[in-house]
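To be precise, the following lines are final-v2.cif, and they hold mmCIF, C-alpha atoms.
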```
data_coords
#
loop_
_atom_site.label_atom_id
_atom_site.label_comp_id
_atom_site.auth_asym_id
_atom_site.auth_seq_id
_atom_site.Cartn_x
_atom_site.Cartn_y
_atom_site.Cartn_z
CA MET V 1 192.65 0.76 111.51
CA LYS V 2 190.16 -2.01 112.11
CA ILE V 3 186.44 -1.29 112.24
CA GLN V 4 183.99 -3.94 113.38
CA ILE V 5 180.26 -3.66 112.83
CA LEU V 6 178.30 -5.71 115.32
CA GLY V 7 174.85 -7.01 114.52
CA PRO V 8 173.00 -10.18 113.62
CA GLY V 9 172.23 -8.91 110.12
CA CYS V 10 169.09 -6.87 110.55
CA PRO V 11 168.29 -4.02 108.12
CA ARG V 12 169.64 -1.42 110.56
CA CYS V 13 172.97 -3.22 110.81
CA GLN V 14 173.16 -3.27 107.03
CA THR V 15 172.51 0.47 106.80
CA LEU V 16 175.13 1.07 109.47
CA ALA V 17 177.67 -0.91 107.45
CA ASP V 18 176.87 1.26 104.41
CA ASN V 19 177.37 4.40 106.50
CA VAL V 20 180.72 3.12 107.77
CA HIS V 21 181.87 2.47 104.20
CA LYS V 22 180.84 6.00 103.22
CA ALA V 23 182.60 7.53 106.22
CA VAL V 24 185.81 5.64 105.47
CA GLN V 25 185.67 6.69 101.85
CA GLU V 26 185.01 10.35 102.65
CA LEU V 27 187.87 10.45 105.13
CA GLY V 28 190.08 8.62 102.67
CA ILE V 29 191.56 6.40 105.36
CA ASP V 30 192.81 2.88 105.10
CA ALA V 31 190.58 0.67 107.21
CA GLU V 32 189.68 -2.94 107.41
CA ILE V 33 185.94 -3.32 107.87
CA GLU V 34 184.62 -6.49 109.38
CA LYS V 35 181.04 -7.53 110.07
CA VAL V 36 180.53 -9.48 113.26
CA THR V 37 177.28 -11.43 113.16
CA GLU V 38 177.98 -14.28 115.54
CA MET V 39 176.16 -13.70 118.81
CA GLY V 40 178.88 -15.08 121.09
CA LYS V 41 181.45 -12.78 119.54
CA ILE V 42 179.23 -9.71 119.79
CA MET V 43 178.60 -10.46 123.44
CA SER V 44 182.24 -11.11 124.20
CA LEU V 45 182.94 -7.54 123.12
CA GLY V 46 180.55 -6.46 125.88
CA VAL V 47 177.77 -5.21 123.61
CA MET V 48 174.12 -6.02 124.24
CA SER V 49 172.34 -3.61 121.96
CA THR V 50 172.90 -3.88 118.26
CA PRO V 51 174.00 -2.44 115.94
CA GLY V 52 177.34 -1.47 117.42
CA ILE V 53 180.64 -0.06 116.20
CA VAL V 54 184.03 -1.12 117.49
CA VAL V 55 187.17 0.68 116.36
CA ASP V 56 190.50 -1.00 117.08
CA GLY V 57 188.93 -3.11 119.80
CA LYS V 58 187.21 -0.19 121.55
CA VAL V 59 183.40 0.09 121.62
CA LYS V 60 182.51 3.46 120.09
CA GLY V 61 178.76 3.25 119.98
CA THR V 62 175.87 0.83 120.44
CA GLY V 63 172.18 0.44 119.99
CA ARG V 64 171.43 2.78 117.18
CA LEU V 65 172.00 3.66 113.59
CA PHE V 66 174.85 6.18 113.49
CA THR V 67 175.05 8.77 110.75
CA VAL V 68 178.03 9.15 108.44
CA ASP V 69 179.09 12.31 110.28
CA GLU V 70 178.95 10.62 113.66
CA ILE V 71 181.02 7.71 112.37
CA LYS V 72 183.59 10.12 110.95
CA LYS V 73 184.00 11.64 114.40
CA MET V 74 184.52 8.17 115.89
CA LEU V 75 187.25 7.45 113.37
CA LYS V 76 189.25 10.60 113.95
CA MET Q 77 146.08 22.80 125.14
CA LEU Q 78 144.97 20.08 122.72
CA LYS Q 79 141.80 22.08 122.12
CA ILE Q 80 143.68 24.04 119.50
CA PHE Q 81 143.53 21.01 117.18
CA THR Q 82 139.75 20.72 117.58
CA ASN Q 83 139.37 24.41 116.80
CA PHE Q 84 141.57 24.12 113.76
CA ALA Q 85 139.60 21.12 112.48
CA ASP Q 86 136.36 23.05 113.08
CA PHE Q 87 137.74 25.90 111.06
CA ILE Q 88 138.81 23.75 108.09
CA THR Q 89 135.72 21.55 108.00
CA PHE Q 90 132.99 24.08 108.61
CA GLN Q 91 134.50 27.38 107.41
CA ILE Q 92 136.88 26.53 104.58
CA LEU Q 93 135.13 23.43 103.22
CA GLY Q 94 131.71 24.77 104.19
CA LEU Q 95 130.39 21.39 105.34
CA ASN Q 96 127.47 21.10 107.71
CA GLN Q 97 127.80 19.76 111.21
CA GLY Q 98 126.32 16.33 111.84
CA GLU Q 99 126.80 14.88 108.35
CA HIS Q 100 128.69 11.65 107.76
CA LEU Q 101 131.28 13.28 105.53
CA SER Q 102 131.95 16.26 107.77
CA GLU Q 103 132.25 14.00 110.84
CA ALA Q 104 134.82 11.86 109.04
CA ILE Q 105 136.84 14.81 107.70
CA HIS Q 106 136.78 16.59 111.04
CA PHE Q 107 138.03 13.46 112.82
CA PHE Q 108 140.80 12.98 110.27
CA ILE Q 109 142.12 16.56 110.42
CA GLU Q 110 141.95 16.86 114.18
CA ASP Q 111 143.52 13.52 114.93
CA THR Q 112 146.27 13.65 112.33
CA LEU Q 113 147.54 17.00 113.57
CA LYS Q 114 147.17 16.13 117.23
CA ILE Q 115 148.80 12.71 116.96
CA PHE Q 116 151.80 13.86 114.96
CA PHE Q 117 152.35 16.78 117.31
CA LEU Q 118 152.23 14.44 120.31
CA LEU Q 119 154.37 11.79 118.65
CA VAL Q 120 157.19 14.18 117.85
CA THR Q 121 157.26 15.93 121.22
CA ILE Q 122 156.75 12.90 123.44
CA ILE Q 123 159.05 10.53 121.55
CA PHE Q 124 161.75 13.19 121.76
CA VAL Q 125 161.39 13.43 125.54
CA VAL Q 126 161.22 9.64 125.91
CA ALA Q 127 164.37 9.26 123.82
CA ILE Q 128 166.25 11.66 126.11
CA VAL Q 129 165.14 9.56 129.08
CA ARG Q 130 166.12 6.38 127.24
CA SER Q 131 169.61 7.64 126.60
CA PHE Q 132 170.16 7.25 130.35
CA PHE Q 133 169.13 3.59 130.32
CA PRO Q 134 171.26 1.57 127.91
CA PRO Q 135 170.60 -2.18 128.27
CA GLU Q 136 174.07 -2.65 129.74
CA ARG Q 137 173.06 -0.47 132.67
CA THR Q 138 169.61 -2.08 132.98
CA ARG Q 139 171.33 -5.43 133.26
CA ARG Q 140 173.35 -4.19 136.21
CA PHE Q 141 170.21 -2.86 137.93
CA LEU Q 142 168.55 -6.25 137.75
CA THR Q 143 171.23 -8.48 139.19
CA LYS Q 144 171.08 -9.62 142.81
CA LYS Q 145 167.64 -8.26 143.59
CA LYS Q 146 164.84 -9.98 145.49
CA ILE Q 147 162.72 -11.89 143.02
CA ILE Q 148 159.51 -9.83 143.22
CA VAL Q 149 161.45 -6.57 143.21
CA ALA Q 150 163.37 -7.84 140.19
CA HIS Q 151 160.16 -8.65 138.27
CA VAL Q 152 158.67 -5.22 138.92
CA LEU Q 153 161.95 -3.45 138.10
CA ALA Q 154 162.35 -5.49 134.93
CA ALA Q 155 158.86 -4.59 133.76
CA LEU Q 156 159.47 -0.90 134.54
CA LEU Q 157 162.88 -0.86 132.89
CA GLY Q 158 161.31 -2.57 129.89
CA VAL Q 159 159.40 0.67 129.33
CA VAL Q 160 162.47 2.92 129.31
CA THR Q 161 165.24 0.74 127.90
CA PRO Q 162 165.65 1.14 124.14
CA PHE Q 163 164.75 -2.10 122.48
CA CYS Q 164 164.07 -3.31 119.00
CA SER Q 165 163.22 -6.86 118.15
CA CYS Q 166 166.50 -7.36 116.26
CA SER Q 167 168.46 -6.87 119.46
CA ALA Q 168 166.19 -9.17 121.47
CA CYS Q 169 168.72 -12.01 121.26
CA PRO Q 170 171.84 -10.24 122.52
CA LEU Q 171 169.69 -8.70 125.21
CA PHE Q 172 168.30 -12.05 126.27
CA ILE Q 173 171.76 -13.63 126.37
CA GLY Q 174 173.20 -10.65 128.24
CA PHE Q 175 170.52 -10.89 130.93
CA VAL Q 176 170.80 -14.63 131.37
CA GLU Q 177 174.60 -14.42 131.42
CA ALA Q 178 174.46 -11.88 134.23
CA GLY Q 179 172.55 -14.41 136.30
CA ILE Q 180 169.21 -12.63 135.99
CA PRO Q 181 166.52 -15.32 136.44
CA LEU Q 182 164.68 -16.45 133.32
CA GLY Q 183 161.30 -15.24 134.59
CA VAL Q 184 162.66 -11.76 135.30
CA THR Q 185 164.16 -11.64 131.81
CA PHE Q 186 160.73 -12.46 130.41
CA SER Q 187 159.09 -9.71 132.45
CA PHE Q 188 161.42 -7.35 130.62
CA LEU Q 189 160.86 -8.92 127.21
CA ILE Q 190 157.09 -8.71 127.62
CA SER Q 191 156.81 -5.14 128.86
CA SER Q 192 159.36 -3.71 126.44
CA PRO Q 193 157.34 -3.98 123.23
CA MET Q 194 153.93 -3.85 124.91
CA VAL Q 195 154.31 -0.66 126.92
CA ASN Q 196 156.01 1.50 124.33
CA GLU Q 197 155.85 5.24 123.83
CA VAL Q 198 154.12 5.09 120.45
CA ALA Q 199 151.20 3.12 121.87
CA LEU Q 200 151.05 5.40 124.92
CA VAL Q 201 151.08 8.58 122.83
CA LEU Q 202 148.28 7.30 120.63
CA LEU Q 203 146.25 6.19 123.63
CA PHE Q 204 146.77 9.53 125.34
CA GLY Q 205 145.94 11.53 122.23
CA LEU Q 206 142.91 9.52 121.17
CA PHE Q 207 141.48 8.07 124.38
CA GLY Q 208 142.67 10.53 127.02
CA TRP Q 209 145.09 10.15 129.88
CA LYS Q 210 142.94 7.77 131.96
CA ILE Q 211 143.00 4.99 129.39
CA ALA Q 212 146.69 5.61 128.73
CA VAL Q 213 147.44 5.18 132.45
CA ILE Q 214 145.22 2.08 132.67
CA TYR Q 215 147.11 0.59 129.73
CA LEU Q 216 150.49 1.44 131.25
CA VAL Q 217 149.65 -0.04 134.65
CA THR Q 218 147.94 -3.19 133.34
CA GLY Q 219 150.73 -3.69 130.81
CA ILE Q 220 153.33 -3.65 133.55
CA LEU Q 221 151.16 -5.95 135.66
CA VAL Q 222 150.81 -8.45 132.80
CA ALA Q 223 154.59 -8.40 132.33
CA VAL Q 224 155.22 -8.97 136.06
CA VAL Q 225 152.68 -11.78 136.42
CA ALA Q 226 153.46 -13.56 133.14
CA GLY Q 227 157.21 -13.35 133.82
CA PHE Q 228 156.68 -14.65 137.35
CA VAL Q 229 154.63 -17.62 136.10
CA ILE Q 230 157.24 -18.49 133.46
CA GLY Q 231 159.92 -18.26 136.14
CA ARG Q 232 158.07 -20.74 138.35
CA LEU Q 233 157.83 -23.30 135.55
CA ASN Q 234 161.60 -24.02 135.73
CA MET Q 235 162.15 -23.93 132.00
CA GLU Q 236 165.88 -23.23 132.00
CA LYS Q 237 166.51 -26.45 130.08
CA TYR Q 238 164.52 -25.04 127.17
CA VAL Q 239 166.95 -22.20 126.60
CA ALA Q 240 169.21 -22.98 123.63
CA ASP Q 241 172.30 -24.76 124.98
CA TYR Q 242 174.90 -22.47 123.43
CA VAL Q 243 173.44 -19.50 125.34
CA TRP Q 244 174.85 -20.82 128.60
CA GLU Q 245 178.33 -20.99 127.16
CA ILE Q 246 178.54 -17.38 126.02
CA ARG Q 247 180.63 -15.16 128.27
CA MET Q 248 180.11 -11.52 128.02
CA GLY Q 249 183.00 -9.09 127.91
CA GLU Q 250 183.12 -5.85 129.81
CA ALA Q 251 183.05 -2.93 127.46
CA GLU Q 252 183.30 0.63 128.48
CA ILE Q 253 180.07 2.12 127.24
CA PRO Q 254 180.89 5.54 125.81
CA GLN Q 255 179.80 8.43 128.03
CA LEU Q 256 177.18 10.61 126.40
CA SER Q 257 177.18 14.40 126.56
CA TRP Q 258 173.95 16.39 126.42
CA HIS Q 259 174.73 17.14 122.81
CA ASP Q 260 174.94 13.38 122.13
CA ARG Q 261 171.64 12.78 123.90
CA ILE Q 262 169.86 15.42 121.87
CA GLU Q 263 171.33 14.04 118.65
CA TYR Q 264 170.27 10.57 119.74
CA ALA Q 265 166.74 11.79 120.47
CA LYS Q 266 166.49 13.55 117.11
CA GLY Q 267 167.61 10.43 115.29
CA TYR Q 268 165.20 8.35 117.32
CA VAL Q 269 162.22 10.57 116.49
CA LYS Q 270 163.15 10.53 112.81
CA ASP Q 271 163.59 6.77 112.81
CA ILE Q 272 160.24 6.07 114.46
CA ILE Q 273 158.17 8.64 112.61
CA SER Q 274 159.55 7.61 109.23
CA ARG Q 275 158.63 4.03 110.03
CA ILE Q 276 155.12 4.52 111.39
CA TRP Q 277 153.65 7.55 109.63
CA PRO Q 278 151.88 5.62 106.85
CA TYR Q 279 150.24 3.36 109.43
CA VAL Q 280 149.16 6.28 111.57
CA LEU Q 281 147.62 8.09 108.61
CA GLY Q 282 145.96 4.91 107.34
CA GLY Q 283 144.65 4.09 110.80
CA ILE Q 284 143.25 7.57 111.31
CA ALA Q 285 141.65 7.49 107.85
CA VAL Q 286 139.91 4.17 108.56
CA GLY Q 287 138.99 5.40 112.04
CA ALA Q 288 137.51 8.53 110.49
CA LEU Q 289 135.34 6.45 108.15
CA VAL Q 290 134.16 4.31 111.05
CA HIS Q 291 133.36 7.46 113.03
CA GLY Q 292 131.39 8.98 110.21
CA TYR Q 293 129.63 5.96 108.78
CA VAL Q 294 129.29 3.04 111.19
CA PRO Q 295 126.03 3.23 113.14
CA GLN Q 296 126.17 3.97 116.87
CA ASP Q 297 126.16 0.89 119.12
CA PHE Q 298 126.85 -1.30 116.09
CA LEU Q 299 129.54 -3.23 117.91
CA LEU Q 300 127.69 -3.36 121.18
CA ARG Q 301 125.32 -5.81 119.55
CA TYR Q 302 128.01 -8.19 118.27
CA ALA Q 303 131.05 -7.70 120.49
CA GLY Q 304 129.53 -6.28 123.66
CA PRO Q 305 130.15 -7.57 127.18
CA SER Q 306 127.36 -10.12 126.73
CA ASN Q 307 129.39 -11.99 124.14
CA PRO Q 308 131.74 -14.30 126.09
CA VAL Q 309 134.05 -15.16 123.19
CA ALA Q 310 134.64 -11.56 122.09
CA VAL Q 311 137.82 -11.19 124.18
CA PRO Q 312 139.64 -14.31 122.91
CA ILE Q 313 138.63 -13.49 119.34
CA ALA Q 314 139.94 -9.94 119.74
CA VAL Q 315 143.25 -11.34 121.03
CA LEU Q 316 143.54 -13.80 118.13
CA LEU Q 317 142.83 -11.00 115.66
CA GLY Q 318 145.46 -8.82 117.32
CA VAL Q 319 148.41 -11.19 116.97
CA PRO Q 320 148.97 -10.89 113.18
CA LEU Q 321 148.75 -7.10 113.37
CA TYR Q 322 152.16 -6.84 114.98
CA SER Q 323 154.08 -3.59 114.88
CA ASN Q 324 151.06 -1.81 113.55
CA ALA Q 325 150.00 -0.49 116.93
CA ALA Q 326 150.33 2.90 115.29
CA GLY Q 327 147.75 2.03 112.68
CA VAL Q 328 145.53 -0.09 114.87
CA ILE Q 329 144.92 2.27 117.79
CA PRO Q 330 143.04 4.98 115.83
CA ILE Q 331 140.75 2.30 114.40
CA VAL Q 332 140.22 0.78 117.82
CA GLN Q 333 139.36 4.17 119.22
CA ALA Q 334 136.62 4.52 116.63
CA LEU Q 335 135.38 1.00 117.37
CA MET Q 336 135.23 1.76 121.08
CA ALA Q 337 133.12 4.80 120.32
CA LYS Q 338 130.73 2.39 118.57
CA GLY Q 339 130.32 0.20 121.61
CA LEU Q 340 133.38 -2.07 121.86
CA PRO Q 341 133.87 -2.60 125.63
CA LEU Q 342 137.02 -1.37 127.39
CA GLY Q 343 138.28 -4.83 128.40
CA THR Q 344 138.03 -6.20 124.88
CA THR Q 345 139.72 -3.06 123.54
CA LEU Q 346 142.63 -3.33 125.99
CA ALA Q 347 143.09 -7.05 125.32
CA PHE Q 348 143.13 -6.44 121.59
CA MET Q 349 145.73 -3.67 121.83
CA MET Q 350 147.95 -5.72 124.11
CA ALA Q 351 147.79 -8.65 121.71
CA VAL Q 352 148.82 -6.35 118.87
CA THR Q 353 151.86 -5.01 120.71
CA ALA Q 354 153.00 -7.92 122.90
CA LEU Q 355 152.56 -10.96 120.71
CA SER Q 356 154.33 -10.81 117.43
CA PHE Q 357 155.26 -13.51 115.03
CA PRO Q 358 158.54 -11.93 113.81
CA GLU Q 359 159.73 -11.53 117.40
CA MET Q 360 159.04 -15.21 118.09
CA VAL Q 361 161.09 -16.16 115.04
CA ILE Q 362 163.98 -14.03 116.30
CA LEU Q 363 163.69 -15.44 119.81
CA SER Q 364 163.70 -18.99 118.47
CA GLN Q 365 167.46 -18.50 118.03
CA VAL Q 366 167.84 -18.52 121.80
CA LEU Q 367 164.74 -20.39 123.01
CA LYS Q 368 163.65 -23.93 122.25
CA ARG Q 369 160.18 -24.49 120.91
CA GLN Q 370 158.65 -25.55 124.24
CA LEU Q 371 159.68 -22.28 125.86
CA ILE Q 372 158.37 -20.15 123.00
CA ILE Q 373 155.01 -21.93 123.18
CA THR Q 374 154.91 -21.47 126.95
CA PHE Q 375 155.79 -17.79 126.57
CA VAL Q 376 153.03 -17.18 124.02
CA GLY Q 377 150.56 -19.27 126.03
CA VAL Q 378 151.18 -17.51 129.35
CA VAL Q 379 151.10 -14.01 127.84
CA THR Q 380 147.94 -14.77 125.84
CA THR Q 381 146.21 -16.09 128.95
CA ALA Q 382 147.22 -13.02 130.95
CA ILE Q 383 145.93 -10.68 128.24
CA ILE Q 384 142.62 -12.53 127.92
CA MET Q 385 142.20 -12.27 131.69
CA VAL Q 386 142.79 -8.51 131.52
CA GLY Q 387 140.01 -8.34 128.94
CA TYR Q 388 137.53 -10.25 131.07
CA ILE Q 389 138.40 -8.41 134.27
CA PHE Q 390 137.87 -4.96 132.73
CA ASN Q 391 134.68 -6.01 130.98
CA PHE Q 392 133.45 -7.34 134.29
CA ILE Q 393 134.21 -4.30 136.45
CA ILE Q 394 133.09 -1.64 134.00
#
```
Exercise: express the given structure as structure tokens:
Amino acid sequence: MKIQILGPGCPRCQTLADNVHKAVQELGIDAEIEKVTEMGKIMSLGVMSTPGIVVDGKVKGTGRLFTVDEIKKMLK
Amino acid sequence: MLKIFTNFADFITFQILGLNQGEHLSEAIHFFIEDTLKIFFLLVTIIFVVAIVRSFFPPERTRRFLTKKKIIVAHVLAALLGVVTPFCSCSACPLFIGFVEAGIPLGVTFSFLISSPMVNEVALVLLFGLFGWKIAVIYLVTGILVAVVAGFVIGRLNMEKYVADYVWEIRMGEAEIPQLSWHDRIEYAKGYVKDIISRIWPYVLGGIAVGALVHGYVPQDFLLRYAGPSNPVAVPIAVLLGVPLYSNAAGVIPIVQALMAKGLPLGTTLAFMMAVTALSFPEMVILSQVLKRQLIITFVGVVTTAIIMVGYIFNFII
């Protein structure tokens, strides 16, 4: 599984990345986590509001800080 | 309905603490208790409702609304959508690029970027709670007007060449934005309320505390003498003072309310509050990733001028 965290590196994006790490750990799944900070790449995924989460190329959520529980649901 | 907070403050100040009406200390304490309770009650309820509304207006949808509209319609729509579309300054860049990429004119994009931070629910709640609904409505309407006019002016200046070159090369993908259920919306709203309150509560408390001191201790008409309508430079000075106070609208508005009670005219007050919310240094730094210096300076210049004019106009008519 590949999880991408979209965001230019603001504090909220950082917290989101932490939450994603926690969710992956709690679920005990094998996932590659990548941070996407380059604006052109974020936009090419069709996302305008950061932070965003993309799982296996599919946009799962944008524009807000998701909680660990919410991320777990996205990963299932 | 908000009377309940006055009654409660009466009860604490005069019954429990046994202070006498009309003293400096009791005035200050009464103001602090009443306003703290009222403001936090309003913040939680209204931000929750606003967040539910916002969940229907993700920027991706706003972008679609704004394409291929007549220019004036687009400016007005952009300013209105700026109020309801969720926006934080760290997503200003993707938002800007997304708008421009969709072919939305530069001026229309600016109308959105100006109204979004200026006419926000925190400022409106505080204005409503502390000044009453009339001032809140005046702020809302003038804020939207400033965004429309300033955006229109920027659009007429043909400044497309001052947008960072790489912006024009970015192509946006089409993503399916996940559909939200009512449960999602309520969760979103809860998170939103928590996020905002946890960020602003110290400023609100601090602002109300300073406002309370001003209420209790600064002599009546004190400001009328120095910053009244007869002082022609009061408005520009208020605007200049407002710029560095960015993001502290929550803390500034209670103080401003107290200052207005001591004779600060409405126009100067409005101009000051708009400068606090609309012009912020951190946002300019973020936007400098997508705008060249000339365009940033123009943006700040046009918005500042518009705000100063609002100040003069209101001081003149009232």
Contact residues (chain Q, partner chain V, 7 Å, all atoms listed in the file) as number ranges by chain
Q: 135-136, 166-167, 170-171, 174, 246-254
May I have the selected residues written with C-alpha atoms, as a JSON list (two decimals), in the frame of the given file?
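Final output, saved to out16.json:
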```json
[["chain", "number", "residue", "atom", "x", "y", "z"],
["Q", 135, "PRO", "CA", 170.60, -2.18, 128.27],
["Q", 136, "GLU", "CA", 174.07, -2.65, 129.74],
["Q", 166, "CYS", "CA", 166.50, -7.36, 116.26],
["Q", 167, "SER", "CA", 168.46, -6.87, 119.46],
["Q", 170, "PRO", "CA", 171.84, -10.24, 122.52],
["Q", 171, "LEU", "CA", 169.69, -8.70, 125.21],
["Q", 174, "GLY", "CA", 173.20, -10.65, 128.24],
["Q", 246, "ILE", "CA", 178.54, -17.38, 126.02],
["Q", 247, "ARG", "CA", 180.63, -15.16, 128.27],
["Q", 248, "MET", "CA", 180.11, -11.52, 128.02],
["Q", 249, "GLY", "CA", 183.00, -9.09, 127.91],
["Q", 250, "GLU", "CA", 183.12, -5.85, 129.81],
["Q", 251, "ALA", "CA", 183.05, -2.93, 127.46],
["Q", 252, "GLU", "CA", 183.30, 0.63, 128.48],
["Q", 253, "ILE", "CA", 180.07, 2.12, 127.24],
["Q", 254, "PRO", "CA", 180.89, 5.54, 125.81]]
```
Between atom CA of Q:Val213 and atom CA of Q:Ala155, distance in Å (one decimal)
15.1 Å
For the PyMOL selection byres ((chain V and resi 35) around 8), applied here, can you spell out every residue it catches as a list in words?
Gln4, Ile5, Leu6, Gly7, Ala17, Ile33, Glu34, Val36 and Thr37 of chain V
To verify the selection step, state as a ChimeraX atom specification which residues the PyMOL selection byres ((chain Q and resi 293) around 12) yields on this input.
/Q:98-105,107,286-292,294-296,298,334-335,338
Output file for the residues above (C-alpha atoms, as a PDB file, in the frame of the given file):
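Saved the output as part_26.pdb:
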```pdb
ATOM      1  CA  GLY Q  98     126.320  16.330 111.840  1.00  0.00           C
ATOM      2  CA  GLU Q  99     126.800  14.880 108.350  1.00  0.00           C
ATOM      3  CA  HIS Q 100     128.690  11.650 107.760  1.00  0.00           C
ATOM      4  CA  LEU Q 101     131.280  13.280 105.530  1.00  0.00           C
ATOM      5  CA  SER Q 102     131.950  16.260 107.770  1.00  0.00           C
ATOM      6  CA  GLU Q 103     132.250  14.000 110.840  1.00  0.00           C
ATOM      7  CA  ALA Q 104     134.820  11.860 109.040  1.00  0.00           C
ATOM      8  CA  ILE Q 105     136.840  14.810 107.700  1.00  0.00           C
ATOM      9  CA  PHE Q 107     138.030  13.460 112.820  1.00  0.00           C
ATOM     10  CA  VAL Q 286     139.910   4.170 108.560  1.00  0.00           C
ATOM     11  CA  GLY Q 287     138.990   5.400 112.040  1.00  0.00           C
ATOM     12  CA  ALA Q 288     137.510   8.530 110.490  1.00  0.00           C
ATOM     13  CA  LEU Q 289     135.340   6.450 108.150  1.00  0.00           C
ATOM     14  CA  VAL Q 290     134.160   4.310 111.050  1.00  0.00           C
ATOM     15  CA  HIS Q 291     133.360   7.460 113.030  1.00  0.00           C
ATOM     16  CA  GLY Q 292     131.390   8.980 110.210  1.00  0.00           C
ATOM     17  CA  VAL Q 294     129.290   3.040 111.190  1.00  0.00           C
ATOM     18  CA  PRO Q 295     126.030   3.230 113.140  1.00  0.00           C
ATOM     19  CA  GLN Q 296     126.170   3.970 116.870  1.00  0.00           C
ATOM     20  CA  PHE Q 298     126.850  -1.300 116.090  1.00  0.00           C
ATOM     21  CA  ALA Q 334     136.620   4.520 116.630  1.00  0.00           C
ATOM     22  CA  LEU Q 335     135.380   1.000 117.370  1.00  0.00           C
ATOM     23  CA  LYS Q 338     130.730   2.390 118.570  1.00  0.00           C
TER      24      LYS Q 338
END
```
Care to translate the PyMOL selection byres ((chain Q and resi 183) around 8) into actual residues of this file, as a list in words?
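So the PyMOL selection byres ((chain Q and resi 183) around 8) ends up selecting His151, Pro181, Leu182, Val184, Thr185, Phe186, Ser187, Gly227, Phe228, Val229, Ile230, Gly231 and Arg232 of chain Q.
With distances restricted to all atoms listed in the file, Q:Leu206 is the closest residue to Q:Phe108 from Q:Leu200, Q:Val361, Q:Leu206, Q:Val352.
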State, in Å with one decimal place, the distance from atom CA of Q:Ala223 to atom CA of Q:Ile383.
9.8 Å
Selected residue of minimal separation from Q:Ile384 among Q:Leu221, Q:Leu321, Q:Val311, Q:Met360, counting all atoms listed in the file:
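Checking each of Q:Leu221, Q:Leu321, Q:Val311, Q:Met360 against Q:Ile384, counting all atoms listed in the file, the winner is Q:Val311.
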For stretch 23-68 of chain V of the structure just presented, write C-alpha atoms to a file, as a compact mmCIF listing (two decimals), in the first residue's frame.
```txt
# COMPACT_ATOMS: atom_id res chain seq x y z
CA ALA V 23 -2.58 4.70 12.09
CA VAL V 24 -0.28 2.47 10.04
CA GLN V 25 1.45 1.26 13.17
CA GLU V 26 -1.80 0.53 15.01
CA LEU V 27 -3.19 -1.39 12.06
CA GLY V 28 0.12 -3.20 11.67
CA ILE V 29 0.06 -2.90 7.90
CA ASP V 30 2.91 -2.62 5.50
CA ALA V 31 2.74 0.77 3.84
CA GLU V 32 5.05 3.09 2.07
CA ILE V 33 4.49 6.65 3.27
CA GLU V 34 5.54 9.49 1.05
CA LYS V 35 5.30 13.22 1.64
CA VAL V 36 4.44 15.27 -1.41
CA THR V 37 5.45 18.89 -0.95
CA GLU V 38 5.94 20.05 -4.51
CA MET V 39 3.03 22.23 -5.58
CA GLY V 40 2.83 20.98 -9.16
CA LYS V 41 2.61 17.40 -7.99
CA ILE V 42 -0.06 18.14 -5.40
CA MET V 43 -2.12 19.92 -8.02
CA SER V 44 -1.68 17.19 -10.59
CA LEU V 45 -3.39 14.84 -8.15
CA GLY V 46 -6.38 17.18 -8.31
CA VAL V 47 -6.10 18.53 -4.77
CA MET V 48 -6.46 22.23 -3.97
CA SER V 49 -6.86 22.22 -0.23
CA THR V 50 -4.04 20.92 1.88
CA PRO V 51 -3.33 18.78 3.77
CA GLY V 52 -4.58 15.82 1.78
CA ILE V 53 -4.29 12.04 1.88
CA VAL V 54 -3.95 9.83 -1.16
CA VAL V 55 -4.02 6.05 -0.82
CA ASP V 56 -2.86 4.00 -3.80
CA GLY V 57 -3.44 6.93 -6.13
CA LYS V 58 -6.96 7.68 -4.87
CA VAL V 59 -7.74 10.92 -3.00
CA LYS V 60 -9.21 9.93 0.37
CA GLY V 61 -9.51 13.28 2.05
CA THR V 62 -8.49 16.92 1.69
CA GLY V 63 -8.41 20.20 3.48
CA ARG V 64 -8.25 19.19 7.08
CA LEU V 65 -6.34 17.43 9.76
CA PHE V 66 -7.68 13.87 9.94
CA THR V 67 -7.62 11.95 13.19
CA VAL V 68 -5.88 8.60 13.61
```
